[in-house]
Structures are given as C-alpha cells and as structure tokens.
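Enquirer: To be precise about what I am sending: the file is called my_file-v2.txt and holds compact mmCIF, C-alpha atoms (C1' of nucleotides).
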```txt
# COMPACT_ATOMS: atom_id res chain seq x y z
CA MET A 1 -20.01 4.24 -3.41
CA PRO A 2 -16.52 2.85 -3.62
CA LYS A 3 -14.55 3.70 -6.73
CA ILE A 4 -12.49 0.55 -6.55
CA THR A 5 -12.51 -2.13 -9.19
CA GLN A 6 -12.80 -5.44 -7.40
CA ARG A 7 -10.14 -7.88 -8.43
CA SER A 8 -11.71 -10.56 -6.26
CA ASP A 9 -13.98 -10.90 -3.26
CA CYS A 10 -11.02 -11.16 -0.89
CA PRO A 11 -11.23 -8.53 1.85
CA ILE A 12 -7.49 -7.97 1.78
CA SER A 13 -7.54 -7.37 -1.95
CA ASN A 14 -10.47 -4.99 -1.68
CA SER A 15 -8.79 -3.10 1.13
CA LEU A 16 -5.61 -2.76 -0.90
CA GLU A 17 -7.63 -1.30 -3.75
CA ILE A 18 -8.45 1.60 -1.46
CA TRP A 19 -5.27 2.31 0.47
CA GLY A 20 -2.73 -0.14 -0.97
CA ASP A 21 -0.08 2.31 -2.10
CA LYS A 22 2.87 4.09 -0.57
CA TRP A 23 0.99 7.27 0.35
CA SER A 24 -2.60 6.72 1.47
CA LEU A 25 -1.81 5.28 4.88
CA LEU A 26 0.64 8.10 5.53
CA ILE A 27 -2.09 10.66 4.89
CA ILE A 28 -4.38 8.69 7.17
CA ARG A 29 -1.60 8.55 9.76
CA ASP A 30 -1.28 12.34 9.68
CA LEU A 31 -5.02 12.85 9.98
CA MET A 32 -5.18 10.29 12.79
CA PHE A 33 -2.15 11.01 14.94
CA ALA A 34 -0.44 14.22 13.81
CA HIS A 35 -3.40 16.57 14.15
CA LYS A 36 -3.08 17.64 10.55
CA ASN A 37 -6.29 18.70 8.85
CA THR A 38 -5.45 21.01 5.96
CA TYR A 39 -3.90 20.46 2.58
CA SER A 40 -0.80 22.47 3.35
CA GLU A 41 -0.26 20.66 6.64
CA LEU A 42 -0.53 17.31 4.90
CA LEU A 43 1.97 18.49 2.30
CA GLN A 44 4.59 19.05 4.97
CA SER A 45 5.08 15.52 6.25
CA ALA A 46 8.59 14.14 6.52
CA GLU A 47 8.09 11.95 3.46
CA LYS A 48 7.57 14.95 1.17
CA ILE A 49 4.54 13.97 -0.84
CA SER A 50 4.13 15.98 -4.01
CA THR A 51 1.11 18.16 -4.50
CA ASN A 52 -0.51 16.33 -7.39
CA ILE A 53 -0.23 13.02 -5.55
CA LEU A 54 -1.72 14.48 -2.41
CA ALA A 55 -4.65 15.89 -4.35
CA ALA A 56 -5.24 12.59 -6.12
CA ARG A 57 -5.09 10.56 -2.91
CA LEU A 58 -7.37 12.90 -1.00
CA LEU A 59 -9.95 12.59 -3.76
CA ALA A 60 -9.70 8.81 -3.86
CA LEU A 61 -9.91 8.52 -0.08
CA GLU A 62 -12.95 10.77 -0.09
CA GLU A 63 -14.64 8.77 -2.84
CA ASN A 64 -14.06 5.63 -0.84
CA GLY A 65 -15.50 7.09 2.33
CA ILE A 66 -12.28 7.17 4.35
CA ILE A 67 -12.09 10.94 4.74
CA GLU A 68 -14.43 13.88 4.29
CA LYS A 69 -13.97 17.47 3.24
CA LEU A 70 -15.45 20.14 5.46
CA ALA A 71 -15.41 23.90 5.80
CA HIS A 72 -12.53 24.99 7.97
CA PRO A 73 -13.95 26.31 11.25
CA ASP A 74 -11.56 29.28 11.42
CA SER A 75 -10.70 30.31 7.88
CA LYS A 76 -12.95 30.67 4.90
CA ALA A 77 -9.95 30.11 2.63
CA LYS A 78 -9.02 26.77 4.12
CA VAL A 79 -10.46 23.30 3.83
CA TRP A 80 -10.76 20.91 6.73
CA TYR A 81 -10.03 17.24 6.06
CA GLN A 82 -10.94 14.65 8.59
CA LEU A 83 -11.36 10.92 8.91
CA THR A 84 -14.80 9.37 8.74
CA PRO A 85 -15.70 6.53 11.14
CA LYS A 86 -14.62 4.19 8.36
CA GLY A 87 -11.23 5.90 8.33
CA ILE A 88 -10.96 5.99 12.11
CA ALA A 89 -11.64 2.25 12.07
CA LEU A 90 -8.26 1.81 10.42
CA MET A 91 -6.55 2.65 13.70
CA PRO A 92 -6.00 -0.95 14.82
CA LEU A 93 -4.36 -1.53 11.47
CA LEU A 94 -1.97 1.41 11.81
CA LEU A 95 -1.06 0.35 15.34
CA GLU A 96 -0.38 -3.16 14.11
CA ILE A 97 1.92 -1.82 11.40
CA SER A 98 3.79 0.21 13.96
CA LEU A 99 4.14 -2.78 16.27
CA TRP A 100 5.41 -4.95 13.43
CA ALA A 101 7.90 -2.34 12.32
CA GLU A 102 9.28 -1.92 15.81
CA LYS A 103 10.35 -5.55 15.82
CA PHE A 104 12.55 -5.09 12.77
CA PHE A 105 13.43 -1.40 12.46
CA GLU A 106 14.71 1.30 14.75
CA VAL A 107 11.84 3.57 15.63
CA PRO A 108 11.87 6.98 17.30
CA ASP A 109 11.36 6.97 21.06
CA SER A 110 8.09 8.87 20.77
CA ILE A 111 6.62 6.09 18.67
CA ALA A 112 8.08 3.36 20.82
CA ALA A 113 6.22 4.92 23.74
CA VAL A 114 2.89 4.74 21.91
CA ASN A 115 3.63 1.15 20.92
CA GLU A 116 4.31 0.29 24.53
CA MET A 117 0.95 1.73 25.51
CA ALA A 118 -0.72 -0.24 22.72
CA ARG A 119 0.91 -3.45 23.92
CA ARG A 120 -0.27 -2.82 27.45
CA ASP A 121 -3.84 -1.79 26.72
CA ARG A 122 -4.53 -2.09 23.06
CA ALA A 123 -8.30 -1.81 23.22
CA GLY A 124 -8.09 1.11 25.59
CA VAL A 125 -5.72 3.11 23.41
CA ILE A 126 -7.88 2.54 20.37
CA ARG A 127 -11.08 3.40 22.22
CA GLU A 128 -9.75 6.64 23.67
CA LYS A 129 -8.05 7.91 20.57
CA SER A 130 -11.03 7.03 18.37
CA ALA A 131 -13.38 8.84 20.71
CA GLU A 132 -11.11 11.87 20.55
CA LEU A 133 -11.23 11.92 16.76
CA LEU A 134 -14.99 11.42 16.68
CA ALA A 135 -15.44 14.27 19.14
CA MET A 136 -13.38 16.56 16.94
CA SER A 137 -15.49 15.61 13.95
CA SER A 138 -18.69 16.86 15.47
CA VAL A 139 -17.41 20.43 15.77
CA THR A 140 -17.57 21.14 12.08
CA ALA A 141 -20.36 20.80 9.55
CA ALA A 142 -20.09 19.30 6.08
CA THR A 143 -19.69 21.61 3.12
CA SER A 144 -21.47 21.10 -0.14
CA THR A 145 -18.20 20.33 -1.85
CA PRO A 146 -19.16 18.70 -5.13
CA LYS A 147 -17.98 15.13 -5.36
CA ILE A 148 -17.09 13.57 -8.64
CA LYS A 149 -19.54 10.82 -9.41
CA ASP A 150 -19.20 7.96 -11.83
CA VAL A 151 -19.80 9.13 -15.38
CA MET B 1 19.80 -5.86 4.52
CA PRO B 2 16.69 -4.00 3.54
CA LYS B 3 16.59 -2.64 0.02
CA ILE B 4 14.19 0.12 0.92
CA THR B 5 15.03 3.78 0.66
CA GLN B 6 13.91 5.38 3.87
CA ARG B 7 11.70 8.38 3.30
CA SER B 8 11.60 9.04 7.03
CA ASP B 9 12.07 7.24 10.32
CA CYS B 10 8.35 6.58 10.64
CA PRO B 11 7.65 2.87 11.10
CA ILE B 12 4.53 3.08 8.95
CA SER B 13 6.44 4.69 6.13
CA ASN B 14 9.24 2.15 6.35
CA SER B 15 6.74 -0.68 6.37
CA LEU B 16 5.02 0.68 3.31
CA GLU B 17 8.36 0.80 1.52
CA ILE B 18 8.45 -2.97 1.82
CA TRP B 19 4.88 -4.13 1.20
CA GLY B 20 2.96 -0.94 0.43
CA ASP B 21 1.61 -1.81 -2.98
CA LYS B 22 -1.36 -3.66 -4.38
CA TRP B 23 0.32 -7.05 -4.63
CA SER B 24 2.82 -7.83 -1.89
CA LEU B 25 0.29 -8.49 0.85
CA LEU B 26 -1.69 -10.74 -1.49
CA ILE B 27 1.40 -12.86 -2.08
CA ILE B 28 1.97 -12.95 1.66
CA ARG B 29 -1.68 -13.87 2.15
CA ASP B 30 -1.31 -16.82 -0.23
CA LEU B 31 1.88 -18.00 1.46
CA MET B 32 0.27 -17.57 4.87
CA PHE B 33 -3.25 -18.90 4.47
CA ALA B 34 -3.67 -20.56 1.07
CA HIS B 35 -0.86 -23.11 1.36
CA LYS B 36 0.75 -21.86 -1.83
CA ASN B 37 4.49 -22.24 -2.06
CA THR B 38 5.50 -22.31 -5.71
CA TYR B 39 5.66 -19.67 -8.40
CA SER B 40 2.93 -21.23 -10.48
CA GLU B 41 0.63 -21.60 -7.50
CA LEU B 42 1.13 -17.96 -6.61
CA LEU B 43 0.37 -17.01 -10.22
CA GLN B 44 -3.06 -18.58 -9.99
CA SER B 45 -4.67 -16.38 -7.35
CA ALA B 46 -8.06 -14.87 -8.07
CA GLU B 47 -6.54 -11.43 -8.62
CA LYS B 48 -4.49 -12.60 -11.62
CA ILE B 49 -1.08 -11.14 -10.94
CA SER B 50 1.13 -11.01 -14.01
CA THR B 51 4.30 -12.98 -14.10
CA ASN B 52 6.81 -10.15 -14.17
CA ILE B 53 5.14 -8.46 -11.23
CA LEU B 54 5.16 -11.69 -9.27
CA ALA B 55 8.85 -12.18 -9.99
CA ALA B 56 9.65 -8.60 -9.00
CA ARG B 57 7.67 -8.79 -5.77
CA LEU B 58 9.12 -12.13 -4.77
CA LEU B 59 12.61 -10.73 -5.23
CA ALA B 60 11.84 -7.59 -3.25
CA LEU B 61 10.19 -9.56 -0.47
CA GLU B 62 13.19 -11.85 -0.32
CA GLU B 63 15.63 -8.95 -0.23
CA ASN B 64 13.67 -7.47 2.63
CA GLY B 65 13.64 -10.69 4.60
CA ILE B 66 9.91 -11.38 4.38
CA ILE B 67 10.18 -14.60 2.39
CA GLU B 68 12.88 -17.08 1.52
CA LYS B 69 13.58 -19.27 -1.48
CA LEU B 70 14.25 -22.92 -0.85
CA ALA B 71 14.69 -26.14 -2.77
CA HIS B 72 11.34 -27.81 -3.27
CA PRO B 73 11.27 -30.96 -1.12
CA ASP B 74 9.62 -33.08 -3.82
CA SER B 75 10.70 -31.77 -7.19
CA LYS B 76 14.11 -30.70 -8.37
CA ALA B 77 12.46 -28.47 -10.96
CA LYS B 78 10.41 -26.49 -8.51
CA VAL B 79 11.22 -23.72 -6.09
CA TRP B 80 9.74 -23.50 -2.62
CA TYR B 81 8.82 -20.07 -1.34
CA GLN B 82 7.97 -19.60 2.29
CA LEU B 83 7.57 -16.86 4.84
CA THR B 84 10.37 -16.07 7.25
CA PRO B 85 9.53 -15.31 10.90
CA LYS B 86 9.54 -11.65 9.86
CA GLY B 87 6.91 -12.45 7.27
CA ILE B 88 4.89 -14.64 9.61
CA ALA B 89 4.89 -11.71 12.04
CA LEU B 90 2.68 -9.87 9.57
CA MET B 91 -0.21 -12.16 10.46
CA PRO B 92 -1.83 -9.79 13.01
CA LEU B 93 -1.75 -7.14 10.31
CA LEU B 94 -3.50 -9.32 7.74
CA LEU B 95 -6.14 -10.33 10.27
CA GLU B 96 -6.71 -6.69 11.12
CA ILE B 97 -7.18 -5.84 7.44
CA SER B 98 -9.69 -8.63 7.11
CA LEU B 99 -11.58 -7.47 10.19
CA TRP B 100 -11.67 -3.90 8.91
CA ALA B 101 -12.88 -4.97 5.50
CA GLU B 102 -15.65 -7.08 6.94
CA LYS B 103 -17.18 -3.98 8.51
CA PHE B 104 -17.54 -2.28 5.15
CA PHE B 105 -17.56 -4.93 2.44
CA GLU B 106 -19.30 -8.18 1.81
CA VAL B 107 -16.88 -11.00 2.48
CA PRO B 108 -17.15 -14.70 1.66
CA ASP B 109 -18.50 -16.92 4.42
CA SER B 110 -15.24 -18.80 4.71
CA ILE B 111 -13.41 -15.60 5.57
CA ALA B 112 -16.13 -14.39 7.89
CA ALA B 113 -15.65 -17.61 9.82
CA VAL B 114 -11.95 -16.96 10.28
CA ASN B 115 -12.70 -13.39 11.33
CA GLU B 116 -15.15 -14.66 13.90
CA MET B 117 -12.46 -16.92 15.32
CA ALA B 118 -10.02 -14.01 15.40
CA ARG B 119 -12.53 -11.88 17.25
CA ARG B 120 -13.09 -14.59 19.82
CA ASP B 121 -9.48 -15.57 20.42
CA ARG B 122 -7.19 -13.35 18.48
CA ALA B 123 -3.97 -14.27 20.24
CA GLY B 124 -4.81 -17.95 20.05
CA VAL B 125 -5.49 -17.92 16.34
CA ILE B 126 -2.24 -16.09 15.65
CA ARG B 127 -0.23 -18.35 17.92
CA GLU B 128 -1.53 -21.58 16.42
CA LYS B 129 -1.31 -20.55 12.80
CA SER B 130 2.16 -19.06 13.26
CA ALA B 131 3.38 -22.22 14.90
CA GLU B 132 1.99 -24.23 11.99
CA LEU B 133 3.91 -22.11 9.48
CA LEU B 134 7.11 -22.27 11.49
CA ALA B 135 6.80 -26.04 11.72
CA MET B 136 6.46 -26.29 7.96
CA SER B 137 9.55 -24.14 7.51
CA SER B 138 11.81 -26.51 9.33
CA VAL B 139 11.17 -29.37 6.90
CA THR B 140 13.17 -27.88 4.08
CA ALA B 141 16.72 -26.59 3.88
CA ALA B 142 17.86 -23.37 2.26
CA THR B 143 19.27 -23.47 -1.24
CA SER B 144 22.27 -21.49 -2.30
CA THR B 145 20.07 -19.34 -4.50
CA PRO B 146 22.19 -16.31 -5.32
CA LYS B 147 20.72 -13.15 -3.87
CA ILE B 148 21.28 -9.85 -5.53
CA LYS B 149 23.35 -7.66 -3.29
CA ASP B 150 23.81 -3.92 -3.46
CA VAL B 151 26.24 -3.08 -6.25
C1' DC C 1 -1.72 33.03 1.21
C1' DC C 2 -4.67 28.40 0.34
C1' DG C 3 -5.99 24.60 -2.39
C1' DC C 4 -5.49 22.70 -5.86
C1' DA C 5 -4.82 21.97 -11.56
C1' DT C 6 -1.72 21.47 -15.30
C1' DC C 7 2.31 20.44 -17.73
C1' DC C 8 6.53 18.10 -18.44
C1' DC C 9 9.42 14.57 -17.69
C1' DT C 10 11.11 10.26 -15.54
C1' DA C 11 10.46 5.98 -13.09
C1' DT C 12 7.89 2.26 -11.95
C1' DA C 13 3.85 -0.80 -12.62
C1' DG C 14 1.76 -3.95 -15.39
C1' DA C 15 0.07 -6.96 -19.63
C1' DT C 16 1.59 -10.06 -23.00
C1' DA C 17 4.80 -12.92 -25.51
C1' DC C 18 8.51 -15.65 -25.19
C1' DT C 19 12.57 -18.64 -23.22
C1' DG C 20 16.22 -21.71 -20.61
C1' DC D 1 8.26 -24.55 -14.07
C1' DA D 2 10.02 -20.39 -13.26
C1' DG D 3 10.97 -16.95 -14.76
C1' DT D 4 12.88 -12.79 -18.87
C1' DA D 5 12.08 -9.46 -22.75
C1' DT D 6 9.50 -6.14 -24.66
C1' DC D 7 6.27 -2.79 -24.80
C1' DT D 8 2.69 0.31 -22.94
C1' DA D 9 0.24 2.59 -19.19
C1' DT D 10 0.15 4.73 -14.98
C1' DA D 11 2.42 6.69 -10.83
C1' DG D 12 5.07 10.08 -9.28
C1' DG D 13 8.46 14.33 -8.83
C1' DG D 14 8.98 19.22 -9.62
C1' DA D 15 7.81 23.55 -11.43
C1' DT D 16 4.36 26.67 -12.29
C1' DG D 17 -0.23 28.68 -12.92
C1' DC D 18 -4.49 30.27 -11.15
C1' DG D 19 -9.07 31.14 -9.08
C1' DG D 20 -10.91 32.26 -4.47
```
Now, as a test, write the supplied structure out as structure tokens.
Expert:
Amino acid sequence: MPKITQRSDCPISNSLEIWGDKWSLLIIRDLMFAHKNTYSELLQSAEKISTNILAARLLALEENGIIEKLAHPDSKAKVWYQLTPKGIALMPLLLEISLWAEKFFEVPDSIAAVNEMARRDRAGVIREKSAELLAMSSVTAATSTPKIKDV
Amino acid sequence: MPKITQRSDCPISNSLEIWGDKWSLLIIRDLMFAHKNTYSELLQSAEKISTNILAARLLALEENGIIEKLAHPDSKAKVWYQLTPKGIALMPLLLEISLWAEKFFEVPDSIAAVNEMARRDRAGVIREKSAELLAMSSVTAATSTPKIKDV
DNA sequence: CCGCATCCCTATAGATACTG
DNA sequence: CAGTATCTATAGGGATGCGG
C-alpha cells in the first residue's frame, strides 16, 4: 500500500513520489552496493545524512515496499534493513545514473570500473548482483515490526 | 560550471544534486517527450507545478547545463527552452524509470506502448529519439540571455 | 552501545497573488 | 508570456534524550 499521493498517472511522477529526493536513492545505493544493512552503517555514508532524515526515509521506503525491516541475524539489539525485490529492481536505474554521471563528472576509479563492466555486459551485471542480494535476503526472517498504517 | 555543492564524489549523489527532487525530471520529461518548449506549456503539465518552482528549476537546470534558453523561432515574446546534449543523455534514465514503474504501478496504455518498444529495441529507441531532439535544437540560435554566475 | 524520537532552528520548497 | 513578490509549509541540520 503505497503512501504516495498521485499527482498524475505518469510513471515518472509516481516514481518520484517515492524516491524523488536527495537522500532516498543514496540509502538504496548503500543497501544495494555498499553492504550496509543497519541504521548506524547507513548513517555513516560520505554524504552525512542526519538521523531524523534517515529515520523518515527508511519509514517511507518501507511503507512503499522498497525496503523491509528484519531482525538482525547476529545481534538482538540491531535491526537489519534490506531491499525488497521492488527495491532491487531499481538497480538498472542506479547503474544508468552512474553511467550518465560518468560522462559529465569525474568519478572515482572504483566506480568507473563498475561502469565499464555495466557497459560491457549490462544484463549480466544486473542479473548477478540482483541474485546476490536476493540470496542474502533469504537468510533472515521478517520481524513483526509494527508498520504505521493509514489512519 | 555546475552550481551543485558536492556532498561526496559519488556519481549518484552528484546527479541527485542536479535533478534529485520531485520536479526536475518532470520538466525534462516534458521537454523530451511532450514537445513542450515554452514556460507556459511547461506550466500546464498534469502535475500542476507552481510558477515559482518552475522558474527556479529552469534556472538550476540551465546553470547545470541540462537545458538552454533560446529565442523562440516564431514569437519575439516567447522563450524557447530545450535540452542540451547533456540533458538528452538522460533519456536512458527516464526510460528506465518508466520501465521500473510499469512493474509496480498501473500506467496509461500510451506509455506502456513506449515501454514495450524500449524493451524490444532499447538502443534503437534512444538513438532515434535523441537524434530527433538534436535535430530540433539546430533550428534555433542561442540568445544572449544573461546567466547568473557565481558571485 | 543501537535505533530511533524530539526539540530547536534555519533553509528550501511550494501555493497564491501580482507585475513588466 | 514569462516570470517576481510574498507568505506559509515542509525539509533538513545538529544536539540531545531515551527505551531496549
């Protein structure tokens, strides 16, 4: 049940309602490529997101089915965030952003290497990395974390 | 000369600094696919952008080299906005958004048709449509519209 | 410690009315 | 037509609190 308010029936508009801000895709990036899965790890990205914003975005992404909250497999005190299939499906989009940016900005060598792989075998990169994320997902089981429903 | 303040050297972050909000990509969409090229046309999209936001976004997009302001070929009173090659290069991204959205939202038939074309011959669709936009660009000549530089 | 919630304050987004 | 001016609402930064 998406929490977005539809401005129109345009798919681009509806997508932007979910992740069209300066932070959501960075959180998704960290969950997707940086092997970050806890709140404190997500707090420590280079862009220095503040804690209230991170909390707000995680909630919104969860309500829109992009991520899910699970019990951390190792620590009872921690929470495990991971992408849902809907979130993993954003991978082509993130790769496309990275490819676009590389044409007009300087990018770190590590990222340029991934871009080069994507240019060579785009479908393959997406398939493998998606499978990897899906495999990780199956290790943990969903908690009964209460979700805020529409009032 | 990009007006963005770099939060990091991540290409995704830097991209979001330019068009990571709820409106910029919709303006780009209208310039790219809806054959809109004037301020008043851009004002009339289904999502009902307000005039100050449109003005602010157009300025930011211009400062970041995504669009350019030209003299309208037909009317002295009008302004002609169009995508630069840098802006046209965002087309794969917009298509990818549309394809993602179609998996999870209902989309209008007209858009589903374009998506189907993109799935069948992605590179071809991008090549043809980009060429069309570039061809349109060459008809007009740049005005001497003063651009705001860094103070 | 971990994962937030809350408060305070500032900056930016956004709606509406108006103008050269 | 193509924007400003004005005002209000929300986003966001930073510090701190607080239950588990």
Enquirer: Taking all atoms listed in the file into account and nothing else, which residues of chain B lie no more than 10 Å away from chain D? Please answer as a list in words.
Expert: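 Listing them in order of chain and number gives Thr38, Tyr39, Ser40, Thr51, Asn52, Leu54, Ala55, Ala77, Lys78 and Val79 of chain B.
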Enquirer: Would you work out the distance separating CA of Pro85 (chain A) from CA of Pro108 (chain B), expressed in Å to one decimal?
Expert: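 Separation between CA of Pro85 (chain A) and CA of Pro108 (chain B): 23.3 Å.
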Enquirer: Find the distance between CA of Arg127 (chain A) and CA of Asn14 (chain A) and write it in Å to one decimal.
Expert: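 So the answer is 25.3 Å.
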Enquirer: For the atom pair CA of Ile66 (chain B) and CA of Leu26 (chain A), what is the interatomic distance in Å to one decimal place?
Expert: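 Taking CA of Ile66 (chain B) as the start and CA of Leu26 (chain A) as the end point, the length is 21.6 Å.
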Enquirer: Give as a list in words every residue of chain C that touches chain A within 10 Å, counting all atoms listed in the file.
Expert: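 The complete set of qualifying residues is DC1, DC2, DG3, DC4, DA5 and DT6 of chain C.
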Enquirer: Give me, as a list of chain:residue names, the residues of chain B touching chain A, with the criterion being at most 7 Å (counting only C-alpha atoms).
Expert: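 Interface list for chain B against chain A: B:Arg7, B:Ser8, B:Asp9, B:Cys10, B:Pro11, B:Ile12, B:Ser13, B:Ser15, B:Leu16, B:Glu17, B:Gly20, B:Asp21, B:Lys22, B:Leu26, B:Ala46, B:Glu47, B:Ala89, B:Leu90, B:Pro92, B:Leu93, B:Glu96, B:Ile97, B:Ser98, B:Trp100, B:Ala101, B:Glu102, B:Val107, B:Pro108.
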Enquirer: Quick one: residues within 9 Å of Met32 (chain B), all atoms listed in the file, excluding same-chain residues fewer than 5 positions away - as a ChimeraX atom specification?
Expert: /B:27,82-83,87-88,91,129-130,133
Enquirer: Once you've located region 68-82 of chain B in the structure I gave, write it as a CSV table (one decimal), in the first residue's frame, keeping N, CA, C and O atoms.
Expert:
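And here is the file that came out, out16.csv:
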```
chain,number,residue,atom,x,y,z
B,68,GLU,N,18.9,24.7,-22.2
B,68,GLU,CA,19.3,26.0,-22.6
B,68,GLU,C,18.1,26.9,-23.0
B,68,GLU,O,17.1,26.4,-23.5
B,69,LYS,N,18.3,28.2,-22.8
B,69,LYS,CA,17.3,29.2,-23.1
B,69,LYS,C,17.6,29.8,-24.5
B,69,LYS,O,18.7,30.3,-24.7
B,70,LEU,N,16.6,29.8,-25.4
B,70,LEU,CA,16.8,30.3,-26.7
B,70,LEU,C,15.7,31.3,-27.1
B,70,LEU,O,14.7,31.3,-26.4
B,71,ALA,N,16.0,32.1,-28.1
B,71,ALA,CA,14.9,32.9,-28.7
B,71,ALA,C,13.9,32.0,-29.4
B,71,ALA,O,14.3,31.1,-30.1
B,72,HIS,N,12.6,32.2,-29.1
B,72,HIS,CA,11.6,31.5,-29.8
B,72,HIS,C,11.6,31.8,-31.3
B,72,HIS,O,11.7,32.9,-31.7
B,73,PRO,N,11.6,30.7,-32.1
B,73,PRO,CA,11.7,31.0,-33.6
B,73,PRO,C,10.5,31.7,-34.1
B,73,PRO,O,10.7,32.4,-35.1
B,74,ASP,N,9.4,31.7,-33.5
B,74,ASP,CA,8.2,32.3,-34.1
B,74,ASP,C,7.8,33.6,-33.4
B,74,ASP,O,7.3,34.5,-34.1
B,75,SER,N,7.9,33.6,-32.1
B,75,SER,CA,7.4,34.8,-31.4
B,75,SER,C,8.5,35.5,-30.6
B,75,SER,O,9.3,34.9,-29.9
B,76,LYS,N,8.6,36.8,-30.8
B,76,LYS,CA,9.6,37.6,-30.1
B,76,LYS,C,9.3,37.6,-28.6
B,76,LYS,O,10.2,37.8,-27.8
B,77,ALA,N,8.0,37.4,-28.2
B,77,ALA,CA,7.6,37.5,-26.8
B,77,ALA,C,7.9,36.2,-26.1
B,77,ALA,O,7.9,36.2,-24.8
B,78,LYS,N,8.1,35.1,-26.8
B,78,LYS,CA,8.3,33.8,-26.1
B,78,LYS,C,9.7,33.4,-26.0
B,78,LYS,O,10.6,34.0,-26.6
B,79,VAL,N,9.9,32.5,-25.0
B,79,VAL,CA,11.3,31.9,-24.8
B,79,VAL,C,11.2,30.5,-25.2
B,79,VAL,O,10.2,29.8,-25.0
B,80,TRP,N,12.3,30.0,-25.8
B,80,TRP,CA,12.3,28.6,-26.2
B,80,TRP,C,13.3,27.8,-25.3
B,80,TRP,O,14.5,28.1,-25.3
B,81,TYR,N,12.8,26.9,-24.5
B,81,TYR,CA,13.6,26.0,-23.7
B,81,TYR,C,13.9,24.7,-24.4
B,81,TYR,O,12.9,24.1,-25.0
B,82,GLN,N,15.1,24.3,-24.4
B,82,GLN,CA,15.3,22.9,-25.0
B,82,GLN,C,16.5,22.2,-24.2
B,82,GLN,O,17.3,22.9,-23.5
```
